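Peer 1: Compact mmCIF, C-alpha atoms and all ligand atoms, file start_4.txt:
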```
# COMPACT_ATOMS: atom_id res chain seq x y z
CA MET K 1 104.24 94.87 91.56
CA THR K 2 103.38 93.38 88.22
CA THR K 3 102.69 89.70 88.11
CA VAL K 4 101.73 87.90 84.97
CA GLY K 5 98.96 85.67 83.65
CA ALA K 6 97.08 83.42 86.02
CA ASP K 7 99.30 84.46 88.89
CA ARG K 8 98.35 88.08 88.38
CA ASP K 9 94.65 87.25 88.18
CA TRP K 10 94.83 85.26 91.36
CA VAL K 11 96.66 88.00 93.18
CA ALA K 12 94.20 90.61 91.97
CA ALA K 13 91.21 88.52 92.98
CA ALA K 14 92.62 87.76 96.40
CA ALA K 15 93.41 91.40 96.96
CA LEU K 16 90.06 92.61 95.68
CA GLY K 17 88.24 90.13 97.88
CA ARG K 18 89.06 91.98 101.06
CA ALA K 19 86.97 95.03 101.83
CA THR K 20 89.94 96.71 103.49
CA ARG K 21 92.62 97.65 100.99
CA ALA K 22 95.25 100.24 100.27
CA VAL K 23 95.29 101.69 96.79
CA VAL K 24 98.59 103.16 95.67
CA ASP K 25 98.44 105.40 92.62
CA LEU K 26 101.68 104.84 90.73
CA ASP K 27 100.95 107.69 88.34
CA VAL K 28 100.89 109.97 91.37
CA VAL K 29 104.26 108.58 92.51
CA ALA K 30 105.68 109.20 89.03
CA GLY K 31 104.21 112.72 88.99
CA ASN K 32 105.77 113.44 92.39
CA VAL K 33 109.17 112.24 91.17
CA ARG K 34 108.96 114.49 88.10
CA ALA K 35 107.79 117.46 90.19
CA ILE K 36 110.72 117.06 92.59
CA GLY K 37 113.05 116.54 89.62
CA ARG K 38 112.05 119.93 88.18
CA ARG K 39 113.08 121.64 91.42
CA LEU K 40 116.57 120.17 91.63
CA ALA K 41 119.72 122.21 91.29
CA ARG K 42 121.50 121.78 87.93
CA GLY K 43 123.41 118.52 87.81
CA ALA K 44 121.73 117.02 90.89
CA ARG K 45 120.17 113.59 90.60
CA LEU K 46 117.37 111.99 92.57
CA MET K 47 117.56 108.87 94.69
CA ALA K 48 114.15 107.39 95.48
CA VAL K 49 114.19 106.12 99.06
CA VAL K 50 112.09 102.95 99.26
CA LYS K 51 113.09 101.53 102.64
CA GLY K 52 110.37 100.22 104.96
CA ASP K 53 108.74 98.56 101.93
CA GLY K 54 108.48 101.87 100.13
CA TYR K 55 107.16 103.62 103.25
CA GLY K 56 104.42 100.99 103.34
CA HIS K 57 103.42 101.57 99.70
CA GLY K 58 105.29 98.55 98.26
CA ALA K 59 108.97 98.98 97.45
CA VAL K 60 109.12 97.20 94.11
CA ALA K 61 106.16 99.00 92.53
CA VAL K 62 107.31 102.38 93.80
CA ALA K 63 110.90 101.74 92.73
CA ARG K 64 109.87 100.87 89.18
CA SER K 65 107.64 103.93 88.87
CA ALA K 66 110.26 106.25 90.35
CA LEU K 67 113.01 104.95 88.05
CA ALA K 68 110.75 105.27 85.00
CA ALA K 69 109.98 108.87 86.05
CA GLY K 70 113.65 109.84 86.23
CA ALA K 71 115.08 108.71 89.57
CA SER K 72 118.65 107.50 89.06
CA ALA K 73 119.08 105.29 92.13
CA LEU K 74 117.25 103.70 95.04
CA GLY K 75 117.89 103.86 98.76
CA VAL K 76 117.11 101.09 101.25
CA ALA K 77 117.95 100.39 104.89
CA THR K 78 118.70 96.68 104.98
CA VAL K 79 120.39 94.06 102.83
CA GLY K 80 117.10 92.15 102.68
CA GLU K 81 115.32 95.17 101.22
CA GLY K 82 118.02 95.56 98.57
CA ALA K 83 117.99 91.85 97.76
CA ALA K 84 114.20 91.93 97.26
CA LEU K 85 114.58 94.71 94.67
CA ARG K 86 117.31 92.74 92.87
CA SER K 87 115.08 89.60 92.90
CA ALA K 88 112.38 91.67 91.22
CA GLY K 89 114.85 92.33 88.40
CA ILE K 90 115.75 95.92 89.26
CA GLY K 91 119.25 96.73 88.02
CA ALA K 92 119.58 100.41 89.06
CA PRO K 93 122.12 101.42 91.71
CA ILE K 94 120.81 100.63 95.20
CA LEU K 95 122.43 102.25 98.23
CA LEU K 96 122.26 100.83 101.72
CA LEU K 97 121.58 104.08 103.56
CA SER K 98 122.35 102.70 107.00
CA ALA K 99 125.41 101.00 108.36
CA ILE K 100 125.01 97.24 108.22
CA ASP K 101 126.42 94.56 110.46
CA PRO K 102 129.89 93.61 109.17
CA ALA K 103 128.66 89.98 108.96
CA GLU K 104 126.25 91.09 106.18
CA ALA K 105 128.94 92.58 103.95
CA GLY K 106 129.24 89.44 101.81
CA ALA K 107 125.51 89.32 101.08
CA ALA K 108 125.45 93.04 100.34
CA VAL K 109 128.21 92.91 97.74
CA ALA K 110 126.80 89.70 96.22
CA HIS K 111 123.55 91.60 95.54
CA ARG K 112 125.50 94.51 94.02
CA LEU K 113 124.34 96.91 96.71
CA ASP K 114 126.33 100.07 97.35
CA LEU K 115 127.37 100.50 100.96
CA THR K 116 127.47 103.30 103.50
CA VAL K 117 130.55 103.24 105.70
CA GLY K 118 131.42 105.14 108.86
CA THR K 119 133.79 102.79 110.69
CA LEU K 120 137.07 100.99 109.97
CA GLU K 121 135.52 97.67 111.06
CA LEU K 122 132.78 97.81 108.46
CA LEU K 123 135.19 98.98 105.78
CA ALA K 124 137.50 96.04 106.54
CA ALA K 125 134.58 93.59 106.24
CA ILE K 126 133.52 95.12 102.92
CA ALA K 127 137.05 95.04 101.54
CA GLU K 128 137.37 91.39 102.53
CA ALA K 129 134.01 90.54 100.93
CA ALA K 130 135.00 92.40 97.77
CA ARG K 131 138.24 90.44 97.51
CA ALA K 132 136.55 87.10 98.20
CA GLY K 133 133.51 87.75 96.08
CA GLY K 134 134.66 87.24 92.48
CA LEU K 135 132.61 90.30 91.58
CA ALA K 136 132.28 91.70 88.08
CA GLU K 137 132.72 95.24 89.41
CA PRO K 138 134.05 96.66 92.68
CA PRO K 139 131.25 97.53 95.12
CA GLY K 140 130.42 101.23 95.43
CA VAL K 141 131.22 102.70 98.81
CA HIS K 142 129.77 105.92 100.22
CA VAL K 143 131.61 107.35 103.20
CA LYS K 144 129.23 108.85 105.73
CA VAL K 145 130.26 112.02 107.53
CA ASP K 146 128.89 112.61 111.00
CA SER K 147 127.98 116.28 110.89
CA GLY K 148 125.85 116.18 114.02
CA MET K 149 123.50 113.20 113.98
CA ARG K 150 125.78 111.00 116.13
CA ARG K 151 124.63 107.71 114.69
CA TYR K 152 126.68 105.88 112.11
CA GLY K 153 128.75 108.56 110.38
CA ALA K 154 132.46 109.17 110.83
CA GLU K 155 133.84 112.38 112.27
CA ARG K 156 136.00 114.60 110.10
CA GLU K 157 139.45 112.93 110.44
CA LEU K 158 138.10 109.41 110.28
CA ALA K 159 135.94 110.26 107.26
CA VAL K 160 139.05 111.44 105.42
CA VAL K 161 140.93 108.26 106.38
CA LEU K 162 138.04 106.05 105.25
CA ALA K 163 137.66 107.85 101.91
CA ALA K 164 141.41 107.69 101.27
CA ARG K 165 141.47 103.95 101.97
CA VAL K 166 138.54 103.28 99.68
CA ALA K 167 140.08 105.42 96.92
CA ALA K 168 143.38 103.52 97.24
CA ASP K 169 141.77 100.05 97.12
CA ALA K 170 141.40 98.64 93.60
CA CYS K 171 138.70 96.25 94.87
CA LEU K 172 136.49 99.13 95.98
CA ARG K 173 135.02 102.19 94.29
CA LEU K 174 134.57 105.49 96.13
CA THR K 175 131.12 106.35 94.84
CA GLY K 176 129.98 108.93 97.32
CA LEU K 177 130.46 111.10 100.36
CA SER K 178 127.34 111.79 102.38
CA THR K 179 125.89 113.19 105.54
CA HIS K 180 122.43 113.35 107.06
CA PHE K 181 120.56 116.30 108.56
CA ALA K 182 119.01 116.03 112.01
CA ASN K 183 116.75 119.10 111.92
CA ALA K 184 115.95 119.80 108.27
CA ASP K 185 112.22 119.46 108.93
CA GLU K 186 112.22 122.21 111.59
CA ALA K 187 111.43 125.86 111.00
CA ASP K 188 114.86 127.03 112.17
CA GLU K 189 117.49 126.30 109.53
CA ALA K 190 120.57 127.13 111.64
CA VAL K 191 121.51 123.55 112.58
CA THR K 192 121.12 122.40 108.98
CA GLN K 193 123.40 125.19 107.78
CA ASP K 194 126.02 124.22 110.38
CA GLN K 195 125.83 120.60 109.32
CA ALA K 196 126.26 121.55 105.65
CA ARG K 197 129.38 123.60 106.51
CA CYS K 198 130.77 120.67 108.51
CA PHE K 199 130.20 118.35 105.53
CA GLU K 200 131.85 120.81 103.16
CA ARG K 201 134.97 120.96 105.35
CA VAL K 202 135.41 117.22 104.79
CA VAL K 203 134.83 117.69 101.05
CA ALA K 204 137.60 120.32 101.09
CA ASP K 205 139.97 118.12 103.14
CA LEU K 206 139.55 115.39 100.54
CA ALA K 207 140.01 117.74 97.61
CA ALA K 208 143.28 118.86 99.21
CA VAL K 209 144.61 115.31 98.92
CA GLY K 210 143.24 114.89 95.40
CA ILE K 211 140.13 112.85 96.22
CA GLU K 212 136.82 113.88 94.70
CA PRO K 213 133.98 111.43 95.35
CA GLU K 214 131.61 111.17 92.41
CA LEU K 215 128.44 111.84 94.40
CA LEU K 216 128.16 114.31 97.26
CA HIS K 217 124.81 114.01 98.99
CA ALA K 218 123.09 115.20 102.12
CA ALA K 219 119.46 116.13 101.57
CA ASN K 220 116.40 114.18 102.68
CA SER K 221 112.96 115.42 101.53
CA ALA K 222 112.90 118.34 103.95
CA ALA K 223 116.32 119.67 102.92
CA THR K 224 115.56 119.04 99.23
CA LEU K 225 112.40 121.13 99.44
CA ARG K 226 114.02 123.78 101.60
CA SER K 227 116.85 124.93 99.36
CA GLU K 228 119.00 124.06 96.36
CA ARG K 229 121.91 124.80 98.64
CA TYR K 230 121.62 121.26 100.00
CA HIS K 231 121.24 119.38 96.71
CA TYR K 232 124.94 118.84 95.87
CA ARG K 233 125.07 116.00 93.28
CA LEU K 234 122.25 113.84 94.61
CA VAL K 235 119.21 114.16 96.86
CA ARG K 236 117.77 111.25 98.83
CA VAL K 237 114.03 111.72 98.78
CA GLY K 238 111.64 109.50 100.69
CA ILE K 239 108.48 110.90 102.23
CA ALA K 240 107.89 113.57 99.56
CA LEU K 241 107.83 110.92 96.80
CA TYR K 242 104.73 109.56 98.45
CA GLY K 243 103.18 113.02 98.48
CA LEU K 244 103.52 113.52 102.23
CA ALA K 245 105.16 116.42 104.07
CA PRO K 246 108.12 115.60 106.34
CA SER K 247 106.59 117.73 109.10
CA ALA K 248 104.10 120.51 109.64
CA ALA K 249 106.98 123.00 109.27
CA VAL K 250 107.67 121.96 105.67
CA VAL K 251 105.21 123.10 103.03
CA LEU K 252 104.82 120.61 100.21
CA PRO K 253 104.71 122.10 96.71
CA ALA K 254 101.11 122.01 95.48
CA GLU K 255 101.94 119.59 92.63
CA LEU K 256 102.83 116.81 95.08
CA ARG K 257 99.88 114.54 95.83
CA PRO K 258 99.47 111.68 98.33
CA ALA K 259 99.75 108.35 96.52
CA LEU K 260 98.06 106.09 99.06
CA THR K 261 94.52 105.78 100.32
CA VAL K 262 93.01 103.08 102.51
CA THR K 263 89.34 102.27 102.22
CA SER K 264 87.03 99.63 103.62
CA ARG K 265 83.35 98.73 103.62
CA LEU K 266 80.78 98.53 106.40
CA THR K 267 80.15 94.95 107.46
CA ARG K 268 77.28 95.73 109.83
CA VAL K 269 75.06 98.60 110.92
CA ILE K 270 73.83 98.36 114.52
CA GLY K 271 71.23 100.32 116.48
CA LEU K 272 72.18 101.25 120.05
CA GLU K 273 69.84 101.94 122.92
CA PRO K 274 70.76 104.51 125.58
CA GLY K 275 73.36 102.98 127.90
CA ASP K 276 74.63 100.36 125.43
CA GLY K 277 78.41 99.99 125.45
CA VAL K 278 80.57 99.34 122.41
CA GLY K 279 83.57 97.02 122.17
CA TYR K 280 86.17 95.91 124.72
CA GLY K 281 85.86 97.74 127.99
CA MET K 282 82.66 99.42 126.72
CA THR K 283 84.58 102.68 126.72
CA TYR K 284 81.85 104.23 124.58
CA ARG K 285 78.31 104.29 125.86
CA ALA K 286 75.36 105.52 123.87
CA ALA K 287 73.66 108.51 125.49
CA ARG K 288 70.60 108.11 123.27
CA ARG K 289 69.27 105.94 120.47
CA GLU K 290 71.86 105.99 117.76
CA ARG K 291 73.51 103.89 115.08
CA VAL K 292 77.07 102.64 114.75
CA ALA K 293 78.73 100.57 112.02
CA VAL K 294 81.48 97.97 112.04
CA VAL K 295 84.52 98.41 109.78
CA PRO K 296 86.82 95.39 109.29
CA ILE K 297 90.12 97.01 110.16
CA GLY K 298 92.06 96.82 113.39
CA TYR K 299 95.47 97.07 114.91
CA ALA K 300 96.65 93.91 113.14
CA ASP K 301 96.24 96.00 109.99
CA GLY K 302 98.26 98.81 111.54
CA TYR K 303 95.14 100.80 112.38
CA ARG K 304 96.41 101.78 115.76
CA ARG K 305 94.61 101.17 119.01
CA GLY K 306 95.65 104.65 120.09
CA LEU K 307 92.88 105.93 117.80
CA SER K 308 90.24 104.35 120.06
CA ASP K 309 87.42 106.80 120.88
CA ARG K 310 89.30 109.65 119.15
CA GLY K 311 89.95 108.89 115.48
CA TRP K 312 87.47 109.25 112.66
CA MET K 313 86.81 107.89 109.18
CA GLY K 314 85.32 109.55 106.15
CA PHE K 315 81.77 108.44 105.42
CA ARG K 316 79.51 109.99 102.78
CA GLY K 317 81.59 113.14 102.75
CA GLY K 318 81.36 113.64 106.53
CA ARG K 319 83.35 112.56 109.56
CA ALA K 320 82.31 109.39 111.35
CA PRO K 321 83.96 109.28 114.81
CA LEU K 322 85.36 106.05 116.24
CA ARG K 323 83.19 104.59 118.97
CA GLY K 324 84.93 102.46 121.59
CA ARG K 325 88.22 100.69 121.28
CA VAL K 326 89.92 99.63 118.09
CA SER K 327 90.37 95.86 118.38
CA MET K 328 92.73 93.60 116.48
CA ASP K 329 90.42 93.19 113.49
CA GLN K 330 87.53 95.64 113.85
CA ALA K 331 86.75 99.25 114.49
CA VAL K 332 83.34 100.83 115.07
CA ILE K 333 82.23 104.23 113.82
CA GLY K 334 79.29 106.37 114.86
CA LEU K 335 76.73 107.41 112.25
CA ASP K 336 74.94 110.76 112.24
CA ASP K 337 71.16 110.62 112.41
CA GLY K 338 69.68 110.90 108.98
CA VAL K 339 72.77 109.64 107.13
CA ALA K 340 71.90 106.57 105.07
CA ALA K 341 74.19 103.62 105.83
CA ALA K 342 74.10 100.02 104.62
CA VAL K 343 76.36 97.01 104.68
CA GLY K 344 78.87 97.37 101.86
CA ASP K 345 79.05 101.17 101.93
CA GLU K 346 82.57 102.52 101.50
CA VAL K 347 84.46 104.25 104.31
CA VAL K 348 87.69 106.18 103.87
CA VAL K 349 90.17 105.11 106.53
CA ILE K 350 93.08 107.13 105.13
CA GLY K 351 92.21 109.79 102.60
CA ASP K 352 94.08 111.91 100.08
CA GLY K 353 92.74 115.23 101.32
CA ARG K 354 89.99 115.38 98.72
CA ASP K 355 87.86 112.36 99.56
CA GLY K 356 86.65 113.30 103.04
CA GLY K 357 88.84 110.82 104.94
CA PRO K 358 91.54 111.78 107.45
CA THR K 359 94.88 112.46 105.81
CA VAL K 360 98.04 110.68 106.91
CA ALA K 361 99.17 113.89 108.62
CA GLU K 362 95.88 114.16 110.52
CA LEU K 363 96.15 110.57 111.74
CA ALA K 364 99.76 111.18 112.76
CA GLU K 365 98.73 114.26 114.70
CA GLU K 366 95.97 112.30 116.45
CA LEU K 367 98.45 109.58 117.40
CA GLY K 368 101.21 111.95 118.49
CA THR K 369 103.54 110.64 115.80
CA ILE K 370 104.77 111.51 112.31
CA SER K 371 103.36 110.64 108.90
CA TYR K 372 106.25 108.21 108.29
CA GLU K 373 105.13 105.93 111.12
CA VAL K 374 101.51 105.92 109.97
CA VAL K 375 102.22 104.68 106.44
CA VAL K 376 105.07 102.34 107.36
CA GLY K 377 102.78 100.85 110.00
CA ILE K 378 100.09 99.69 107.56
CA SER K 379 100.61 95.98 107.98
CA GLY K 380 101.15 93.24 105.43
CA ARG K 381 97.60 92.04 106.01
CA VAL K 382 96.23 95.00 104.07
CA PRO K 383 96.34 94.21 100.34
CA ARG K 384 98.05 96.86 98.22
CA LEU K 385 96.38 97.49 94.90
CA TYR K 386 98.11 99.61 92.31
CA ARG K 387 96.48 102.14 90.05
CA SER K 388 98.27 102.96 86.85
CA GLY K 389 96.90 104.48 83.66
CA GLY K 390 93.47 104.48 85.29
CA GLU K 391 93.51 100.71 85.79
CA VAL K 392 93.68 99.05 89.19
CA MET K 393 95.73 95.90 89.32
CA GLY K 394 96.50 93.35 91.97
CA GLY K 395 99.66 93.93 93.85
CA VAL K 396 101.40 92.63 96.87
CA THR K 397 98.80 90.63 98.75
CA GLY K 398 98.41 90.70 102.46
CA LEU K 399 100.74 87.72 102.59
CA ARG K 400 103.82 89.77 101.83
C1 LIG K 501 115.27 107.56 105.17
C2 LIG K 501 116.40 108.37 104.74
C3 LIG K 501 116.20 109.43 103.83
C4 LIG K 501 114.84 109.85 103.34
O1 LIG K 501 114.25 110.72 104.29
P1 LIG K 501 112.85 111.45 103.98
O2 LIG K 501 112.69 112.38 105.11
O3 LIG K 501 111.83 110.38 103.94
O4 LIG K 501 112.99 112.11 102.67
C5 LIG K 501 117.33 110.11 103.40
N1 LIG K 501 118.56 109.76 103.84
C6 LIG K 501 118.76 108.78 104.72
C7 LIG K 501 120.15 108.47 105.17
C8 LIG K 501 117.70 108.06 105.20
O5 LIG K 501 117.92 107.07 106.09
```
Would you mind giving the structure from this file in structure tokens?
Ligand SMILES: *Cc1c(COP(=O)(O)O)cnc(C)c1O
Peer 2:
Amino acid sequence: MTTVGADRDWVAAAALGRATRAVVDLDVVAGNVRAIGRRLARGARLMAVVKGDGYGHGAVAVARSALAAGASALGVATVGEGAALRSAGIGAPILLLSAIDPAEAGAAVAHRLDLTVGTLELLAAIAEAARAGGLAEPPGVHVKVDSGMRRYGAERELAVVLAARVAADACLRLTGLSTHFANADEADEAVTQDQARCFERVVADLAAVGIEPELLHAANSAATLRSERYHYRLVRVGIALYGLAPSAAVVLPAELRPALTVTSRLTRVIGLEPGDGVGYGMTYRAARRERVAVVPIGYADGYRRGLSDRGWMGFRGGRAPLRGRVSMDQAVIGLDDGVAAAVGDEVVVIGDGRDGGPTVAELAEELGTISYEVVVGISGRVPRLYRSGGEVMGGVTGLR
């Protein structure tokens, strides 16, 4: 996020003052957007999904980079997320990917957010807000088809009814028809193919009554990378923009690189005697004389307690295992004999696969979760610094 003048300097200084920081390389984000763009079917556009504060990377900075690199729209989950992008001066189309509470329809249309609709109740609330709003343009509505996910889409007949109502309402614009895949990140493609056929039946039903929504879209990152068959007129790409694979079953193209790393610095190096315990519960006990070091990151930073006694950090090109429990603000790593270590030395908490630190996927595996949850979970206390054109600048501080 660019800030100007004194404000920017202050933000940069505050962010740089903490040893623990996330660095997001915006040139990498832009490169990922272009690489995905080159793989799209003819005529398909790219929506950059920046919900969850840009998967923990910072939504505004990522959105700007993605739009500059060729994305045509943004996707968010909540009205607040969309409003924050508008406040930052972003004018591109922004789609609310999830159903919202009907009570939020007024705020959504006031911020010129496009809406996803799967029920008559929500459509009625949007139509009312559109009529009351004194808007320059009718809000864009995307009708969501439930092709198997059983969350907020509409089944075939209802989807046709909703699309027809939107198309017939001068206060609304039928911008899209969409669906969402449940299993696109799994090795077996059968369910995804079934869902695509289900979606296409609704497209055909609508065509039969003369309705052709401008944008047909279905693919998340996994489906986008899997086959052009799922690209239609728009793909909604999240995790791959950040250079992360949706799952172990999806191979990322080699040109995609992880955009985020988290590093910190040792605040203390401690010698242990045999029998000494480390941290709460003393779950780690030294079997011999050895050294450990304190790293100022803990579960309040989103460095999960589940990593206690099992995670590792990158230190001097090797793996330094966690010793004892991760606490709210600190973690302790073990140091190999003979490895030099001093206060201030850098440790790689989350690496990019080339710097010796654990990758997001490795941390996810260790925690029994998915990469999405690891990056989204990096808390607001960790300053985000942005690298662009080789320069690191202050970004969203930990006080987001
Ligand atoms: C989050 C989301 C996406 C992006 O999914 P990725 O797997 O991160 O690419 C696409 N579509 C919808 C409806 C979403 O909610």
Peer 1: List as a PyMOL selection string the protein and nucleic acid residues lying within 6 Å of ligand LIG 501 (chain K), with all atoms listed in the file counted.
Peer 2: chain K and resi 49+97+180+220-221+236-239+246
Peer 1: Gly306 in chain K: which residues within 10 Å, counting only C-alpha atoms, same-chain residues fewer than 4 positions away excluded, as a PDB file with C-alpha atoms, in the frame of the given file?
Peer 2:
```pdb
ATOM      1  CA  TYR K 299      95.470  97.070 114.910  1.00  0.00           C
ATOM      2  CA  ARG K 310      89.300 109.650 119.150  1.00  0.00           C
ATOM      3  CA  GLY K 311      89.950 108.890 115.480  1.00  0.00           C
ATOM      4  CA  ARG K 325      88.220 100.690 121.280  1.00  0.00           C
ATOM      5  CA  VAL K 326      89.920  99.630 118.090  1.00  0.00           C
ATOM      6  CA  GLU K 366      95.970 112.300 116.450  1.00  0.00           C
ATOM      7  CA  LEU K 367      98.450 109.580 117.400  1.00  0.00           C
ATOM      8  CA  GLY K 368     101.210 111.950 118.490  1.00  0.00           C
TER       9      GLY K 368
END
```
Peer 1: Name all residues at most 8 Å from range 71-75 of chain K (count only C-alpha atoms; drop same-chain ones fewer than 2 positions away) and give them as a list in words.
Peer 2: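 Listed by chain and then number, they are Val33, Arg45, Leu46, Met47, Ala48, Val49, Val50, Lys51, Ala63, Ala66, Leu67, Ala68, Ala69, Ala77, Ala92, Pro93, Ile94, Leu95, Leu96, Leu97 and Arg236 of chain K.
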Peer 1: Take the point (130.8, 97.8, 109.6) as written in the file and pick out every residue within 10 Å of it, counting all atoms listed in the file; give the list as a PyMOL selection string.
Peer 2: chain K and resi 99-105+115-126+152
Peer 1: I need the residue nearest Gly281 in chain K from this list: K:Glu255, K:Asp309, K:Asp169, K:Glu391. Use only C-alpha atoms for the distance.
Peer 2: K:Asp309
Peer 1: Between CA of Gly140 in chain K and CA of Asp114 in chain K, what distance in Å does the model show, to one decimal?
Peer 2: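 Distance between the two atoms: 4.7 Å.
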Peer 1: I'd like to know which of K:Ser87, K:Thr224, K:Ser147, K:Thr175 is closest to Ala196 in chain K, using only C-alpha atoms.
Peer 2: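 Of all the options, K:Ser147 lies closest to Ala196 in chain K.
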Peer 1: Identify which of the residues K:Arg381, K:Arg387, K:Arg354, K:Arg42 lies closest to Gly56 in chain K, counting all atoms listed in the file when measuring atom-to-atom distances.
Peer 2: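 Of all the options, K:Arg381 lies closest to Gly56 in chain K.
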Peer 1: Between CA of Ala182 in chain K and CA of Glu365 in chain K, what is the spacing in Å?
Peer 2: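 Result for CA of Glu365 in chain K versus CA of Ala182 in chain K: 20.5 Å, one decimal.
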Peer 1: Which of these, K:Val382, K:Ala84, K:Ala163, K:Leu40, has the shortest distance to Val209 in chain K once you count only C-alpha atoms?
Peer 2: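 Smallest separation from Val209 in chain K among the options: K:Ala163.
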Peer 1: Just the residues within 10 Å of Asp352 in chain K, please, counting only C-alpha atoms, with nothing from its chain fewer than 4 positions along; format it as a list in words.
Peer 2: Gly243, Leu244, Arg257, Pro258, Ala259, Leu260, Thr261, Val262, Val348, Gly356, Gly357, Pro358, Thr359 and Val360 of chain K
Peer 1: Find the residues near Ile378 in chain K: any atom within 6 Å, counting all atoms listed in the file, skip ones fewer than 3 places away on the same chain, and give them as an MDAnalysis selection string.
Peer 2: chainID K and resid 301:302 375
Peer 1: Which one of K:Leu322, K:Gly91, K:Ala361, K:Asp336 sits closest to Ser308 in chain K if you count only C-alpha atoms?
Peer 2: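 Going through K:Leu322, K:Gly91, K:Ala361, K:Asp336 one by one, the smallest distance to Ser308 in chain K is for K:Leu322.
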Peer 1: Between K:Arg197, K:Met313, K:Ser227, K:Gly54, which one has atoms that come closest to Asp185 in chain K, using all atoms listed in the file?
Peer 2: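 Result for the nearest residue to Asp185 in chain K: K:Ser227.
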Peer 1: Enumerate, in order of chain and increasing residue number, the residues of range 313-391 of chain K with an atom no farther than 10 Å from range 23-30 of chain K, each with its shortest atom pair and distance in Å to one decimal, counting only C-alpha atoms, as CSV.
Peer 2:
```
residue,atom,partner,partner_atom,distance
K:Val382,CA,K:Val23,CA,9.9
K:Pro383,CA,K:Val23,CA,8.3
K:Arg384,CA,K:Val23,CA,5.7
K:Leu385,CA,K:Val23,CA,4.7
K:Tyr386,CA,K:Val24,CA,4.9
K:Arg387,CA,K:Asp25,CA,4.6
K:Ser388,CA,K:Leu26,CA,5.5
K:Gly389,CA,K:Asp27,CA,7.0
K:Gly390,CA,K:Asp27,CA,8.7
K:Glu391,CA,K:Asp25,CA,9.6
```
Peer 1: For Gly271 in chain K, work out the shell of residues within 9 Å, counting all atoms listed in the file and skipping chain neighbours fewer than 6 positions away, then give it as a PDB file with C-alpha atoms, in the coordinates of the input.
Peer 2:
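The new file selection08.pdb reads:
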```pdb
ATOM      1  CA  ARG K 289      69.270 105.940 120.470  1.00  0.00           C
ATOM      2  CA  GLU K 290      71.860 105.990 117.760  1.00  0.00           C
ATOM      3  CA  ARG K 291      73.510 103.890 115.080  1.00  0.00           C
ATOM      4  CA  VAL K 292      77.070 102.640 114.750  1.00  0.00           C
ATOM      5  CA  ALA K 293      78.730 100.570 112.020  1.00  0.00           C
TER       6      ALA K 293
END
```
Peer 1: Suppose you want the space between CA of Thr267 in chain K and CA of Gly344 in chain K; what is it in Å?
Peer 2: 6.2 Å
Peer 1: Write out N, CA and C atoms for range 53-64 of chain K, as an mmCIF file, in the coordinates of the input.
Peer 2:
```
data_model
loop_
_atom_site.group_PDB
_atom_site.id
_atom_site.type_symbol
_atom_site.label_atom_id
_atom_site.label_comp_id
_atom_site.auth_asym_id
_atom_site.auth_seq_id
_atom_site.Cartn_x
_atom_site.Cartn_y
_atom_site.Cartn_z
ATOM 1 N N ASP K 53 109.650 98.959 103.005
ATOM 2 C CA ASP K 53 108.740 98.560 101.930
ATOM 3 C C ASP K 53 108.111 99.785 101.250
ATOM 4 N N GLY K 54 108.980 100.675 100.827
ATOM 5 C CA GLY K 54 108.480 101.870 100.130
ATOM 6 C C GLY K 54 107.530 102.650 101.028
ATOM 7 N N TYR K 55 107.972 102.899 102.279
ATOM 8 C CA TYR K 55 107.160 103.620 103.250
ATOM 9 C C TYR K 55 105.738 103.023 103.286
ATOM 10 N N GLY K 56 105.697 101.690 103.245
ATOM 11 C CA GLY K 56 104.420 100.990 103.340
ATOM 12 C C GLY K 56 103.637 100.923 102.035
ATOM 13 N N HIS K 57 104.160 101.539 100.971
ATOM 14 C CA HIS K 57 103.420 101.570 99.700
ATOM 15 C C HIS K 57 103.741 100.372 98.804
ATOM 16 N N GLY K 58 104.827 99.661 99.121
ATOM 17 C CA GLY K 58 105.290 98.550 98.260
ATOM 18 C C GLY K 58 106.539 98.994 97.507
ATOM 19 N N ALA K 59 107.691 98.473 97.952
ATOM 20 C CA ALA K 59 108.970 98.980 97.450
ATOM 21 C C ALA K 59 109.179 98.725 95.962
ATOM 22 N N VAL K 60 108.813 97.541 95.499
ATOM 23 C CA VAL K 60 109.120 97.200 94.110
ATOM 24 C C VAL K 60 108.312 98.069 93.147
ATOM 25 N N ALA K 61 107.019 98.193 93.411
ATOM 26 C CA ALA K 61 106.160 99.000 92.530
ATOM 27 C C ALA K 61 106.603 100.456 92.526
ATOM 28 N N VAL K 62 106.890 100.977 93.710
ATOM 29 C CA VAL K 62 107.310 102.380 93.800
ATOM 30 C C VAL K 62 108.658 102.570 93.108
ATOM 31 N N ALA K 63 109.568 101.622 93.335
ATOM 32 C CA ALA K 63 110.900 101.740 92.730
ATOM 33 C C ALA K 63 110.797 101.783 91.207
ATOM 34 N N ARG K 64 110.002 100.903 90.644
ATOM 35 C CA ARG K 64 109.870 100.870 89.180
ATOM 36 C C ARG K 64 109.292 102.187 88.654
#
```
